[in-house]
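K.L.:
Quick one: the structure is below, and I'll ask about it shortly.
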Amino acid sequence: MDGRRWPILPSGGPDRPKRGVAAGPCRPGRQNRDVELITDPGDERIADYRALTDVELRTRWEPPHGLFIAEGELVLRRALRAGYRPRSFLVEAKRAGQVADLDGAPVYGAEPEVLEQVTGFHVHRGVLASFHRQPALAASEVLAAARRVVILEDINNHTNIGAIFRGVAALGVDAVLLSPTCADPLYRRSVRVSMGEVFAIPYAKLDPWPQALSEVRDAGYTILAMTPAADAVPMQRLTDTQRLRPALLLGAEGPGLSRHALEASDVRVRLPMRRGVDSLNVAAATAVACWELTRDDPA
């Protein structure tokens, strides 16, 4: 185990940054921040980053321990701007200058082969960070502060969760509510696919499911259940009242919404399809539906 400390120097030469390294001045006095060099993959200081490709292990371990992992400089900086507190940063040694201006947690540096042994994959973005989770919001808090929400049932694919959050953020919907069986929005892949937009969108669990959908209705929302059924209302034909405070409800790919969720909704809606296509990927369908609900908003 190597406990040596190496100075973090700004990336690039005096005139321009190296290609592939984010440009920008470091804060005064931070140019020579120390990085702790890691040579032993078993070093306990970087235990947060072990076996990042083991989905079952990480999803069982991270939430109870109150942490999550961010991958890539853009994503970790968005987490910091959103107020998440870092536990540590782990970088490829030659990229240490990318985090020279960051405060609040130790910086560990390692060679690529050590990073791969620790994490289980080639860290091609070169920068990882471990963050403390924030206290979970209550559904009532989220509903009170929003005008339009997306509700997800049994979406257990992390890529879809990340893509949905990115679409929700881009298209002006205010929040996301999740059934208890949905994937963790702060799992590394979800965070990466969302490009850090999971930090910008308030979310909460709806529990018990689907009984808690009554809380959404009681808060003044109209629950719009997405389904490919031919007798559902085309989204562009929703009334002004139905659009006023919509809660867009979507289910997992394949099975779609459960019978109980459909029965708990106010209106069943569909996206008109062409060429015999019966449905879209749930993230794509969410984005199209969100656009339809927000298309008259000022740009």
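Following the order of the structure tokens, first chain is A, next is B, and so on, with residues numbered from 1 inside each chain and ligands from 1 in the order they appear.
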Among region 224-285 of chain A, which ones does DSSP place in strand (DSSP E), written as an NGL selection string?

P.N.:
:A and (224-226 or 233-234 or 246-251 or 267-270)

K.L.:
With the cut-off set at 7 Å and counting only C-alpha atoms, tabulate each residue of region 170-289 of chain A with an atom at most that distance from an atom of region 140-164 of chain A, showing the nearest atom pair and its distance in Å to one decimal, ordered by chain and increasing number, as CSV.

P.N.:
```
residue,atom,partner,partner_atom,distance
A:Val173,CA,A:Arg148,CA,5.4
A:Asp174,CA,A:Ala146,CA,5.5
A:Ala175,CA,A:Val149,CA,4.9
A:Val176,CA,A:Val150,CA,4.8
A:Leu177,CA,A:Ile151,CA,4.6
A:Leu178,CA,A:Leu152,CA,4.9
A:Ser179,CA,A:Glu153,CA,5.1
A:Thr181,CA,A:Asp154,CA,5.1
A:Cys182,CA,A:Ile155,CA,4.7
A:Ala183,CA,A:Asn156,CA,4.3
A:Pro185,CA,A:Ile161,CA,6.3
A:Arg189,CA,A:His158,CA,6.1
A:Ser190,CA,A:Gly162,CA,4.1
A:Val191,CA,A:Gly162,CA,6.0
A:Val193,CA,A:Gly162,CA,4.9
A:Ser194,CA,A:Gly162,CA,4.3
A:Pro202,CA,A:Val142,CA,6.6
A:Tyr203,CA,A:Val142,CA,6.7
A:Ala204,CA,A:Val142,CA,7.0
A:Ala219,CA,A:Leu143,CA,6.8
A:Arg245,CA,A:Arg147,CA,5.5
A:Pro246,CA,A:Arg148,CA,5.3
A:Ala247,CA,A:Val149,CA,4.8
A:Leu248,CA,A:Val150,CA,4.7
A:Leu249,CA,A:Ile151,CA,4.6
A:Leu250,CA,A:Leu152,CA,5.2
A:Gly251,CA,A:Glu153,CA,4.7
A:Ala252,CA,A:Ile155,CA,4.9
A:Leu257,CA,A:Glu153,CA,6.8
A:Ala283,CA,A:Ile164,CA,4.9
A:Thr286,CA,A:Ile164,CA,6.6
```

K.L.:
At a cut-off of 10 Å, using only C-alpha atoms, what residues contact Leu186 (chain A)? Leave out same-chain residues fewer than 6 positions from it and give the result as a list in words.

P.N.:
Thr59, Glu62, Pro63, Leu67, Phe68, Ile69, Ala70, Arg133, His158, Ile161, Gly162, Arg192, Ser194, Gly196, Val198 and Phe199 of chain A

K.L.:
Those same residues - all heavy atoms - I'd like them written as a short mmCIF file (atom, residue, chain, number, x, y, z; two decimals), in the first residue's frame.

P.N.:
```cif
data_model
loop_
_atom_site.label_atom_id
_atom_site.label_comp_id
_atom_site.auth_asym_id
_atom_site.auth_seq_id
_atom_site.Cartn_x
_atom_site.Cartn_y
_atom_site.Cartn_z
N THR A 59 -26.67 -2.53 -5.87
CA THR A 59 -28.02 -2.06 -5.56
C THR A 59 -28.46 -2.47 -4.16
O THR A 59 -29.30 -1.80 -3.55
CB THR A 59 -29.04 -2.58 -6.59
OG1 THR A 59 -28.92 -4.00 -6.71
CG2 THR A 59 -28.78 -1.96 -7.97
N GLU A 62 -25.43 0.04 -1.79
CA GLU A 62 -25.31 1.50 -1.81
C GLU A 62 -26.41 2.22 -1.03
O GLU A 62 -26.10 3.04 -0.15
CB GLU A 62 -25.25 2.02 -3.25
CG GLU A 62 -23.93 1.72 -3.95
CD GLU A 62 -23.87 2.32 -5.35
OE1 GLU A 62 -24.75 3.15 -5.68
OE2 GLU A 62 -22.96 1.95 -6.11
N PRO A 63 -27.70 1.98 -1.30
CA PRO A 63 -28.72 2.77 -0.58
C PRO A 63 -28.66 2.61 0.94
O PRO A 63 -28.71 3.64 1.65
CB PRO A 63 -30.04 2.24 -1.17
CG PRO A 63 -29.67 1.76 -2.54
CD PRO A 63 -28.30 1.17 -2.38
N LEU A 67 -24.83 6.07 0.07
CA LEU A 67 -23.89 6.62 -0.90
C LEU A 67 -24.31 6.28 -2.32
O LEU A 67 -25.16 5.43 -2.55
CB LEU A 67 -22.47 6.11 -0.63
CG LEU A 67 -22.20 4.61 -0.82
CD1 LEU A 67 -21.69 4.30 -2.22
CD2 LEU A 67 -21.17 4.12 0.20
N PHE A 68 -23.71 6.96 -3.27
CA PHE A 68 -23.83 6.60 -4.68
C PHE A 68 -22.56 7.03 -5.40
O PHE A 68 -21.76 7.82 -4.87
CB PHE A 68 -25.06 7.24 -5.33
CG PHE A 68 -24.99 8.74 -5.51
CD1 PHE A 68 -24.48 9.31 -6.67
CD2 PHE A 68 -25.43 9.59 -4.50
CE1 PHE A 68 -24.41 10.68 -6.83
CE2 PHE A 68 -25.37 10.97 -4.65
CZ PHE A 68 -24.86 11.52 -5.82
N ILE A 69 -22.37 6.48 -6.60
CA ILE A 69 -21.15 6.74 -7.37
C ILE A 69 -21.50 7.55 -8.61
O ILE A 69 -22.46 7.24 -9.33
CB ILE A 69 -20.48 5.41 -7.80
CG1 ILE A 69 -20.12 4.57 -6.58
CG2 ILE A 69 -19.24 5.69 -8.66
CD1 ILE A 69 -19.13 5.21 -5.63
N ALA A 70 -20.73 8.59 -8.87
CA ALA A 70 -20.85 9.39 -10.09
C ALA A 70 -19.63 9.14 -10.96
O ALA A 70 -18.51 9.07 -10.45
CB ALA A 70 -20.97 10.87 -9.75
N ARG A 133 -25.78 10.31 -0.09
CA ARG A 133 -27.16 10.53 -0.51
C ARG A 133 -27.81 11.59 0.38
O ARG A 133 -27.44 11.75 1.54
CB ARG A 133 -27.97 9.24 -0.45
CG ARG A 133 -27.55 8.23 -1.51
CD ARG A 133 -28.32 6.94 -1.42
NE ARG A 133 -27.84 6.03 -2.46
CZ ARG A 133 -28.59 5.55 -3.46
NH1 ARG A 133 -29.88 5.87 -3.52
NH2 ARG A 133 -28.06 4.76 -4.36
N HIS A 158 -31.96 0.26 -15.37
CA HIS A 158 -31.28 1.51 -14.99
C HIS A 158 -31.08 2.46 -16.16
O HIS A 158 -31.13 3.68 -16.00
CB HIS A 158 -29.93 1.19 -14.34
CG HIS A 158 -30.06 0.49 -13.02
ND1 HIS A 158 -29.91 -0.87 -12.88
CD2 HIS A 158 -30.34 0.97 -11.78
CE1 HIS A 158 -30.08 -1.20 -11.61
NE2 HIS A 158 -30.34 -0.11 -10.93
N ILE A 161 -34.34 4.26 -16.65
CA ILE A 161 -34.54 5.26 -15.59
C ILE A 161 -33.74 6.52 -15.89
O ILE A 161 -34.25 7.65 -15.82
CB ILE A 161 -34.15 4.68 -14.22
CG1 ILE A 161 -35.17 3.66 -13.75
CG2 ILE A 161 -33.99 5.80 -13.18
CD1 ILE A 161 -36.49 4.24 -13.28
N GLY A 162 -32.47 6.35 -16.25
CA GLY A 162 -31.64 7.51 -16.55
C GLY A 162 -32.16 8.31 -17.73
O GLY A 162 -32.19 9.54 -17.71
N ARG A 192 -25.29 8.16 -15.05
CA ARG A 192 -24.51 8.43 -16.25
C ARG A 192 -25.41 8.66 -17.46
O ARG A 192 -25.21 9.61 -18.22
CB ARG A 192 -23.55 7.26 -16.52
CG ARG A 192 -22.56 7.54 -17.68
CD ARG A 192 -21.68 6.34 -17.93
NE ARG A 192 -22.40 5.23 -18.53
CZ ARG A 192 -22.42 3.99 -18.07
NH1 ARG A 192 -21.75 3.69 -16.96
NH2 ARG A 192 -23.09 3.04 -18.68
N SER A 194 -28.45 9.65 -17.53
CA SER A 194 -29.20 10.91 -17.37
C SER A 194 -28.31 12.13 -17.56
O SER A 194 -28.82 13.26 -17.57
CB SER A 194 -29.84 10.97 -15.99
OG SER A 194 -28.90 11.35 -14.99
N GLY A 196 -26.46 13.28 -15.35
CA GLY A 196 -26.56 14.02 -14.10
C GLY A 196 -27.88 14.73 -13.88
O GLY A 196 -28.05 15.41 -12.86
N VAL A 198 -30.59 13.45 -13.00
CA VAL A 198 -31.29 12.92 -11.82
C VAL A 198 -31.11 13.85 -10.62
O VAL A 198 -31.93 13.83 -9.70
CB VAL A 198 -30.80 11.50 -11.45
CG1 VAL A 198 -31.16 10.51 -12.52
CG2 VAL A 198 -29.31 11.48 -11.16
N PHE A 199 -30.06 14.66 -10.64
CA PHE A 199 -29.83 15.58 -9.53
C PHE A 199 -30.72 16.82 -9.63
O PHE A 199 -30.88 17.54 -8.65
CB PHE A 199 -28.37 16.04 -9.50
CG PHE A 199 -27.37 14.91 -9.56
CD1 PHE A 199 -26.28 14.96 -10.42
CD2 PHE A 199 -27.53 13.79 -8.77
CE1 PHE A 199 -25.36 13.92 -10.48
CE2 PHE A 199 -26.62 12.74 -8.82
CZ PHE A 199 -25.53 12.81 -9.68
#
```

K.L.:
At a cut-off of 10 Å, using only C-alpha atoms, what residues contact Ala289 (chain A)? Leave out same-chain residues fewer than 4 positions from it and give the result as a compact mmCIF listing (two decimals) with N, CA, C and O atoms, in the first residue's frame.

P.N.:
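Full text of selection_12.txt as output:
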```txt
# COMPACT_ATOMS: atom_id res chain seq x y z
N VAL A 150 -44.29 12.71 -13.65
CA VAL A 150 -44.26 11.39 -14.29
C VAL A 150 -44.24 10.35 -13.18
O VAL A 150 -43.50 10.49 -12.19
N VAL A 168 -37.41 14.06 -18.85
CA VAL A 168 -38.26 14.85 -17.96
C VAL A 168 -37.64 16.22 -17.72
O VAL A 168 -38.32 17.26 -17.78
N LEU A 171 -37.76 18.47 -20.97
CA LEU A 171 -39.06 18.83 -21.53
C LEU A 171 -39.97 19.54 -20.53
O LEU A 171 -41.14 19.78 -20.82
N MET A 226 -50.59 5.59 -19.57
CA MET A 226 -50.14 5.30 -20.93
C MET A 226 -50.35 3.82 -21.26
O MET A 226 -49.89 2.94 -20.53
N MET A 235 -53.26 11.20 -27.12
CA MET A 235 -52.80 12.26 -26.21
C MET A 235 -53.13 13.66 -26.70
O MET A 235 -53.42 14.55 -25.91
N GLN A 236 -53.10 13.86 -28.02
CA GLN A 236 -53.35 15.20 -28.53
C GLN A 236 -54.82 15.62 -28.39
O GLN A 236 -55.17 16.78 -28.61
N LEU A 248 -48.48 11.65 -15.45
CA LEU A 248 -48.33 10.69 -16.54
C LEU A 248 -47.81 9.37 -15.98
O LEU A 248 -46.71 9.31 -15.44
N VAL A 269 -54.54 6.83 -21.91
CA VAL A 269 -54.11 7.60 -23.08
C VAL A 269 -53.10 6.79 -23.89
O VAL A 269 -52.45 5.88 -23.37
N ARG A 270 -52.97 7.15 -25.16
CA ARG A 270 -52.02 6.46 -26.04
C ARG A 270 -51.35 7.44 -26.98
O ARG A 270 -51.87 8.55 -27.23
N LEU A 271 -50.20 7.04 -27.48
CA LEU A 271 -49.53 7.76 -28.55
C LEU A 271 -49.93 7.11 -29.88
O LEU A 271 -49.75 5.90 -30.04
N ALA A 283 -38.63 4.97 -22.36
CA ALA A 283 -37.99 6.29 -22.25
C ALA A 283 -38.40 7.18 -23.41
O ALA A 283 -38.66 8.38 -23.24
N ALA A 284 -38.46 6.61 -24.63
CA ALA A 284 -38.89 7.39 -25.80
C ALA A 284 -40.35 7.80 -25.66
O ALA A 284 -40.72 8.94 -25.96
N ALA A 285 -41.18 6.87 -25.20
CA ALA A 285 -42.60 7.19 -25.02
C ALA A 285 -42.79 8.29 -23.98
O ALA A 285 -43.63 9.19 -24.15
N LEU A 293 -47.47 17.27 -23.52
CA LEU A 293 -48.07 17.96 -22.37
C LEU A 293 -47.48 19.35 -22.14
O LEU A 293 -48.10 20.18 -21.47
N THR A 294 -46.29 19.61 -22.67
CA THR A 294 -45.62 20.88 -22.41
C THR A 294 -45.45 21.74 -23.66
O THR A 294 -44.85 22.81 -23.58
N ARG A 295 -45.99 21.31 -24.80
CA ARG A 295 -45.68 21.97 -26.08
C ARG A 295 -46.16 23.42 -26.15
O ARG A 295 -45.62 24.22 -26.93
```
